[in-house]
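Okay, so here's the structure we're looking at.
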Amino acid sequence: MSSERVVDIWGPRTPFTSGTSWPRRVDQYLADGVTEADVEEWVRGACLLCSNGCGLEVAVKDGQMVGVRGRAEDRVNHGRLGPKGLYGWQGQQHDRLTTPLIREGGRLVETDWETAMAAVVERSRSLLETKGPLSHAFYTSGQLMVEEYYTLCVIGKAGIGTPHMDGNTRLCTATAASAFQESFGSDGQPGSYTDVDSCDALFLFGHNVAETQSVLWTRMLDRLDAADPPRLVCVDPRRTKVAERATVHLPVRNGTNLALMNALVHELIARGWVNEDYVRAHTVGFDALDRLTRDATPEWAAEICGVPARDIRAAAEIFGTGERVVSTCSMGFYQSHQATAASCQVNNLHLLRGMLGRPGAGILQMNGQPSAENNREAGCGPALPGFRNWDNPDHVRELADLWNVDPLVIPHWSAPTDANAILRFAEQGSIGFLWIAGTNPAVSQTDLARTRRILSGDQCFVVVSDGYRTETTELADVVLPAALWAEKTGTFTNVDRTVHLQEKAVEPPGQARGDQAIWTDYARRMGFADKDGHPLPAWDTPEQAFEAWKAASAGRPCDYSGLTYRKLHDVGGVQWPCTRDAPDGTERLFTDGVFNTADERCETYGHHLATGAPVGETAYRARRVDGRAILKTAAYDHPYEVPDETYPLRLTTGRTVYHWHTRTKTKRSRQLNEAAPAMWVEVSQPDAQRLGIAEGDVVRVTSRRGSIEAPARISHVREGVVFAPWHYGDPETAANELTLNGWDPVSKQPELKVAAVSVTRIRPGDGPAPAPTTTASAPVRPFADTGRE
Amino acid sequence: MHLVTYLHFLHATEETLSAGYRTVSDGHFADGDVHWTTARFARQCTAHARALTPVLDRCAPAEEPAPERLHAQGVTSARNGPAGLLRDLQDLYQLTNLVDITWTLIRQAASAARDRDLIHLTQQYGEETTAQLDWLRMRMKAAAPQTLIVAT
Ligand code: SF4
């Protein structure tokens, strides 16, 4: 099996009926020439190439990784791995950064740790002295370990005292967190993957799970192929593999999700598919929800979304009549101008029907990245650690006690700064020290020309820790070589709150070091200390950091206090909250209909979804929400950019199954790279005909920000819509050259799903576009019909 | 009675505010949230003014002379830099407050005049104006530390 799972993406079917257990199927890949007998050690952990977090073991021989196999007993994957999990690890064995780099005379040159760290510390210290903590920012990742996030959180929030800390989770999962906070009072996934095992209806909202979390789709496929398949509803402007299996596919115009969602809620209420007892006992806000959706008829939404009203009705009926409904919601909803409102409406559908907190009835607001959850919970991103409320002095005091610092040191005068604002401050030079770790904003941010200008300018000193040289390291002042997955020990948490321990399997290459070690070194050199002069952070090893994090999480919704490295080693994945009372973890939240909305427990007092303005403590208290969920929405508003004569088409960006993020790892894995080697864009057949474009022709896509050139794939994308994968970083081809500088008002997640563009044919290509044929990117006609190879 | 004068005043101030939001939107393009949100608020203000037009059409001309210096100054050009943005938002805050309280005053009068349609109108649009104020407060509060302590 050298590359078969590139073609057979989801592997052989093992169908299972509702309420039975998903059969085991162990997937394994060993490098060419290696047999099981050669493997010296199998080291436990989980895949870190998407938010699914499939349990696995790493095969080690002669101090090198030589393969992986799924862990049959792991609750997430029952042994399975997808193509990225099977082949992606090989990317860690090529082109690694092995020494620090420092900019000299405009060029990055190799240096040693001492010189590099001295430069970092000198700049940091002088800025702290002259401008204070607000001159510092940290922009991290969704791919580090909870030990690393929490260590950095303490350095940033207690050592320095800056509010400017965010993760690239802002781009992938901020809306999931916001929607939970607005509806349920705090972050935290209500449902469990096991809900898929017994549901009778599945709703996928803007979630191309077949490509983004391929093993979760495998689980769904095994239900769909059983004798009692759930009905499936798919909301996606592309004809994805999910759409092909759907009972109802709603290929809405990108940018119109909220119109659809308001109509679905309208239908539930109008047709009486509401569990009134549940709504009365466990929610507030029904009257306002009813009022705001009263005019949102299916006919009204059909006009806006460009889908038939009868299909909207059919979808509502499936939701309204299902006994056990599972919804998932992802980037199609999150990376959008009304992201939080649309995602809250997914929560509302479930609340209206009392459809959560029991087997088969659940919500899965997805994460994109493998450890996005940890960034959210450990305090490197949009919240204080443990989902604490920055606006609640008691929560801030708890942290101050834990860290033994003055509460005033901990920034809590407004919400932690989002990545968009961090970049703006860096552009203006008021942030003069920006440390980027484990992410590649020079490809992943919107409006790349501007992002490059910001990162390369003299106004801000940029430090980048990464495993590779990337588009971003090339703009930095100091680059630090970081250890990657399985080269260090640490824990991370997947979409359904499953915590895994990844144990160190091999040594990092050259002088590379783990991120926790790098930050602790920085903190020690800076001399960060608590009130009594003891060093901050008060720990050094990953396990010590984990113990400290457990203490910070205790009593909060994301309670880790019952977990140990030992338990995670023995069992594999365990779902938080895991406490003395729930030592095996907790499968579902809110089983008793009591939510985290009590004044003293909630993570936020909430926002107005239309503007993002805070509700405020006084108004929140006056409402006496007290453990009930909050039904809220907003009126639909059109996207920031709408097509016009000059830019008549709607761009959307997205992913392919073979790549992860900006391809730093996956392009260095032979099988994955060959499966999707270069950029393409997708246009619909009617648009292609009108524009004179044939399969593989090179086209130019232009927006108000910039333009790119790439071969065209004529795919099943909706007419009027252009799809561009965002993985490919070259300024000639990167999708984010085209995207705009705007974001959802509540979650601050950037709009990556709508930009007005024009498309023109430049020249004939030399064959079909280099796009996969096995996925949503499949051509409308076989290549034979195009007269090309 | 001065209700007609005040309806005209509200109509004009909504238009002035709309232009102000548009000015700030265009002038602060690089602050993405300011740019898009104020553009949206500008559209809201225009819609508010438009909704008042049929009401004004129904009214007889004002009988009493309007008070002196009735109309407020608009925001006619955007300032530069972070402190300029903060100051521009403060200008908008002031003007939006004027619109907000004027909706409230007209609601009071509409209640006393038992004018159901006008009460309904003031509720609907007054709410949007209050939401604009809430947003401005939040945005200014978020920007203040960086602007006042570190920005150049
Ligand atoms: S589904 Fe995600 S976590 Fe599982 S093997 Fe694939 S990439 Fe890895």
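Just so we're on the same page: first chain in the structure tokens is A, next is B, and so on; residues restart at 1 for each chain, and ligands are numbered from 1 in the order they show up.
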
Neighbour list for region 9-21 of chain B as an MDAnalysis selection string, cut-off 8 Å, only C-alpha atoms, skip fewer than 2 positions in-chain: chainID B and resid 5:7 23:25 38:39 41:46 48:49 52:53 70:76 92 95:96 99 102:103

For the contact check between chain A and ligand 1, emit one row per residue of chain A within 7 Å, containing the shortest atom pair and the distance in Å rounded to one decimal, counting only C-alpha atoms and all ligand atoms, chain then rising number order, as JSON lines.
{"residue": "A:Cys47", "atom": "CA", "partner": "ligand 1", "partner_atom_place_in_ligand_line": "8 (Fe)", "distance": 4.5}
{"residue": "A:Leu48", "atom": "CA", "partner": "ligand 1", "partner_atom_place_in_ligand_line": "3 (S)", "distance": 5.8}
{"residue": "A:Leu49", "atom": "CA", "partner": "ligand 1", "partner_atom_place_in_ligand_line": "7 (S)", "distance": 4.2}
{"residue": "A:Cys50", "atom": "CA", "partner": "ligand 1", "partner_atom_place_in_ligand_line": "2 (Fe)", "distance": 4.1}
{"residue": "A:Ser51", "atom": "CA", "partner": "ligand 1", "partner_atom_place_in_ligand_line": "2 (Fe)", "distance": 6.0}
{"residue": "A:Asn52", "atom": "CA", "partner": "ligand 1", "partner_atom_place_in_ligand_line": "3 (S)", "distance": 4.4}
{"residue": "A:Gly53", "atom": "CA", "partner": "ligand 1", "partner_atom_place_in_ligand_line": "3 (S)", "distance": 4.0}
{"residue": "A:Cys54", "atom": "CA", "partner": "ligand 1", "partner_atom_place_in_ligand_line": "4 (Fe)", "distance": 4.2}
{"residue": "A:Leu81", "atom": "CA", "partner": "ligand 1", "partner_atom_place_in_ligand_line": "5 (S)", "distance": 4.0}
{"residue": "A:Gly82", "atom": "CA", "partner": "ligand 1", "partner_atom_place_in_ligand_line": "6 (Fe)", "distance": 4.0}
{"residue": "A:Pro83", "atom": "CA", "partner": "ligand 1", "partner_atom_place_in_ligand_line": "6 (Fe)", "distance": 6.1}
{"residue": "A:Lys84", "atom": "CA", "partner": "ligand 1", "partner_atom_place_in_ligand_line": "7 (S)", "distance": 4.7}
{"residue": "A:Gly85", "atom": "CA", "partner": "ligand 1", "partner_atom_place_in_ligand_line": "5 (S)", "distance": 3.6}
{"residue": "A:Leu86", "atom": "CA", "partner": "ligand 1", "partner_atom_place_in_ligand_line": "5 (S)", "distance": 6.5}
{"residue": "A:Gln213", "atom": "CA", "partner": "ligand 1", "partner_atom_place_in_ligand_line": "1 (S)", "distance": 4.3}
{"residue": "A:Ser214", "atom": "CA", "partner": "ligand 1", "partner_atom_place_in_ligand_line": "1 (S)", "distance": 4.6}
{"residue": "A:Val215", "atom": "CA", "partner": "ligand 1", "partner_atom_place_in_ligand_line": "1 (S)", "distance": 4.3}
{"residue": "A:Leu216", "atom": "CA", "partner": "ligand 1", "partner_atom_place_in_ligand_line": "1 (S)", "distance": 6.5}

Per-residue nearest contacts of chain A to chain B (8 Å; only C-alpha atoms) as CSV:
residue,atom,partner,partner_atom,distance
A:Lys131,CA,B:Val150,CA,6.1
A:Gly132,CA,B:Val150,CA,7.9
A:Leu134,CA,B:Gln146,CA,6.7
A:Ser135,CA,B:Val150,CA,7.0
A:Ser414,CA,B:Ala142,CA,6.1
A:Ala415,CA,B:Ala142,CA,7.8
A:Arg424,CA,B:Asp31,CA,7.1
A:Gln428,CA,B:Ala151,CA,7.6
A:Gly429,CA,B:Ala151,CA,7.4
A:Ser430,CA,B:Ala151,CA,4.9
A:His608,CA,B:Ala131,CA,8.0
A:Thr611,CA,B:Trp135,CA,6.3
A:Gly612,CA,B:Trp135,CA,6.9
A:Ala613,CA,B:Trp135,CA,4.7
A:Pro614,CA,B:Met138,CA,7.2
A:Tyr640,CA,B:Trp36,CA,6.8
A:Asn741,CA,B:Gly32,CA,5.3
A:Gly742,CA,B:Gly32,CA,5.0
A:Trp743,CA,B:Asp33,CA,6.8
A:Pro745,CA,B:Asp33,CA,7.4

So which bits of region 490-560 of chain A end up strand (DSSP E or B) when you DSSP the backbone, as a ChimeraX atom specification? /A:490-493,498-502,513,529,535

Polymer residues at most 7 Å from region 362-377 of chain A, only C-alpha atoms, same-chain spacing of 3 or more positions, as a tab-separated table (two decimals) with N, CA and C atoms, in the first residue's frame:
chain	number	residue	atom	x	y	z
A	48	LEU	N	-2.29	14.93	13.85
A	48	LEU	CA	-2.37	16.38	14.05
A	48	LEU	C	-2.56	17.10	12.70
A	49	LEU	N	-3.30	16.46	11.80
A	49	LEU	CA	-3.47	17.10	10.49
A	49	LEU	C	-4.89	17.55	10.20
A	50	CYS	N	-5.75	17.46	11.18
A	50	CYS	CA	-7.03	18.16	11.14
A	50	CYS	C	-7.66	18.02	12.51
A	51	SER	N	-8.83	18.62	12.69
A	51	SER	CA	-9.45	18.69	14.01
A	51	SER	C	-10.08	17.38	14.45
A	52	ASN	N	-10.05	16.36	13.59
A	52	ASN	CA	-10.66	15.09	13.98
A	52	ASN	C	-9.88	14.41	15.10
A	53	GLY	N	-8.54	14.50	15.03
A	53	GLY	CA	-7.71	13.93	16.08
A	53	GLY	C	-7.81	12.42	16.16
A	142	GLY	N	-3.18	26.79	15.53
A	142	GLY	CA	-4.15	25.80	15.98
A	142	GLY	C	-3.51	24.43	15.94
A	143	GLN	N	-2.17	24.43	16.03
A	143	GLN	CA	-1.44	23.18	15.86
A	143	GLN	C	-0.40	22.93	16.96
A	144	LEU	N	-0.47	23.75	18.02
A	144	LEU	CA	0.45	23.51	19.13
A	144	LEU	C	-0.24	22.68	20.21
A	145	MET	N	0.47	22.38	21.26
A	145	MET	CA	-0.06	21.54	22.34
A	145	MET	C	-0.63	22.44	23.45
A	146	VAL	N	-1.52	21.90	24.26
A	146	VAL	CA	-2.12	22.73	25.31
A	146	VAL	C	-1.05	23.22	26.28
A	149	TYR	N	0.42	26.33	24.64
A	149	TYR	CA	-0.49	27.49	24.70
A	149	TYR	C	-0.55	28.06	26.11
A	167	GLY	N	-4.74	33.44	17.99
A	167	GLY	CA	-4.28	32.31	17.19
A	167	GLY	C	-4.85	32.43	15.79
A	169	THR	N	-6.53	30.38	14.82
A	169	THR	CA	-7.87	29.85	15.08
A	169	THR	C	-8.92	30.93	14.79
A	172	CYS	N	-10.18	30.00	11.62
A	172	CYS	CA	-10.79	28.69	11.37
A	172	CYS	C	-11.94	28.39	12.31
A	173	THR	N	-11.90	28.84	13.52
A	173	THR	CA	-12.85	28.29	14.48
A	173	THR	C	-13.39	29.30	15.47
A	176	ALA	N	-17.16	29.14	15.97
A	176	ALA	CA	-17.70	28.05	16.79
A	176	ALA	C	-17.72	28.50	18.24
A	189	GLN	N	-18.09	22.09	23.09
A	189	GLN	CA	-18.93	21.35	22.14
A	189	GLN	C	-20.00	20.56	22.89
A	190	PRO	N	-21.28	20.79	22.59
A	190	PRO	CA	-22.31	20.04	23.31
A	190	PRO	C	-22.30	18.55	22.94
A	191	GLY	N	-22.11	18.25	21.66
A	191	GLY	CA	-22.33	16.89	21.17
A	191	GLY	C	-21.08	16.03	21.20
A	195	ASP	N	-22.80	10.62	18.51
A	195	ASP	CA	-24.16	10.97	18.09
A	195	ASP	C	-24.41	10.59	16.63
A	325	VAL	N	-31.50	14.27	15.54
A	325	VAL	CA	-30.84	15.05	14.50
A	325	VAL	C	-29.44	15.48	14.97
A	326	VAL	N	-28.46	15.28	14.10
A	326	VAL	CA	-27.11	15.81	14.36
A	326	VAL	C	-26.82	16.89	13.31
A	327	SER	N	-26.33	18.03	13.76
A	327	SER	CA	-25.88	19.07	12.83
A	327	SER	C	-24.40	19.29	13.00
A	328	THR	N	-23.73	19.49	11.89
A	328	THR	CA	-22.35	19.98	11.94
A	328	THR	C	-22.32	21.29	11.18
A	329	CYS	N	-21.40	22.14	11.56
A	329	CYS	CA	-21.35	23.48	10.99
A	329	CYS	C	-19.88	23.83	10.85
A	330	SER	N	-19.50	24.37	9.70
A	330	SER	CA	-18.07	24.63	9.54
A	330	SER	C	-17.78	25.85	8.68
A	355	MET	N	-33.31	19.29	20.82
A	355	MET	CA	-32.59	18.24	20.11
A	355	MET	C	-31.11	18.27	20.48
A	356	LEU	N	-30.83	18.16	21.75
A	356	LEU	CA	-29.43	18.05	22.16
A	356	LEU	C	-29.33	17.43	23.55
A	357	GLY	N	-28.14	16.92	23.85
A	357	GLY	CA	-27.92	16.37	25.17
A	357	GLY	C	-28.39	14.94	25.34
A	380	CYS	N	-4.67	31.63	24.73
A	380	CYS	CA	-3.82	32.29	23.74
A	380	CYS	C	-4.66	33.00	22.69
A	381	GLY	N	-5.95	32.78	22.72
A	381	GLY	CA	-6.80	33.32	21.68
A	381	GLY	C	-7.84	34.26	22.24
A	382	PRO	N	-9.09	34.05	21.84
A	382	PRO	CA	-10.13	35.04	22.12
A	382	PRO	C	-10.68	35.02	23.54
A	383	ALA	N	-10.09	34.26	24.45
A	383	ALA	CA	-10.68	34.20	25.79
A	383	ALA	C	-9.59	34.07	26.85
A	385	PRO	N	-8.03	31.99	30.02
A	385	PRO	CA	-7.97	30.53	30.17
A	385	PRO	C	-9.16	29.96	30.94
A	386	GLY	N	-9.54	28.75	30.56
A	386	GLY	CA	-10.66	28.09	31.23
A	386	GLY	C	-11.99	28.72	30.88
A	387	PHE	N	-12.09	29.34	29.71
A	387	PHE	CA	-13.33	30.01	29.29
A	387	PHE	C	-13.78	31.01	30.36
A	492	PHE	N	-3.47	17.47	23.05
A	492	PHE	CA	-4.34	18.36	22.27
A	492	PHE	C	-5.74	17.75	22.16
A	493	THR	N	-6.69	18.61	21.84
A	493	THR	CA	-8.11	18.26	21.99
A	493	THR	C	-8.85	18.47	20.68
A	494	ASN	N	-9.64	17.49	20.31
A	494	ASN	CA	-10.29	17.54	18.99
A	494	ASN	C	-11.66	18.21	19.05
A	495	VAL	N	-12.42	18.07	17.98
A	495	VAL	CA	-13.73	18.72	17.87
A	495	VAL	C	-14.68	18.31	18.99
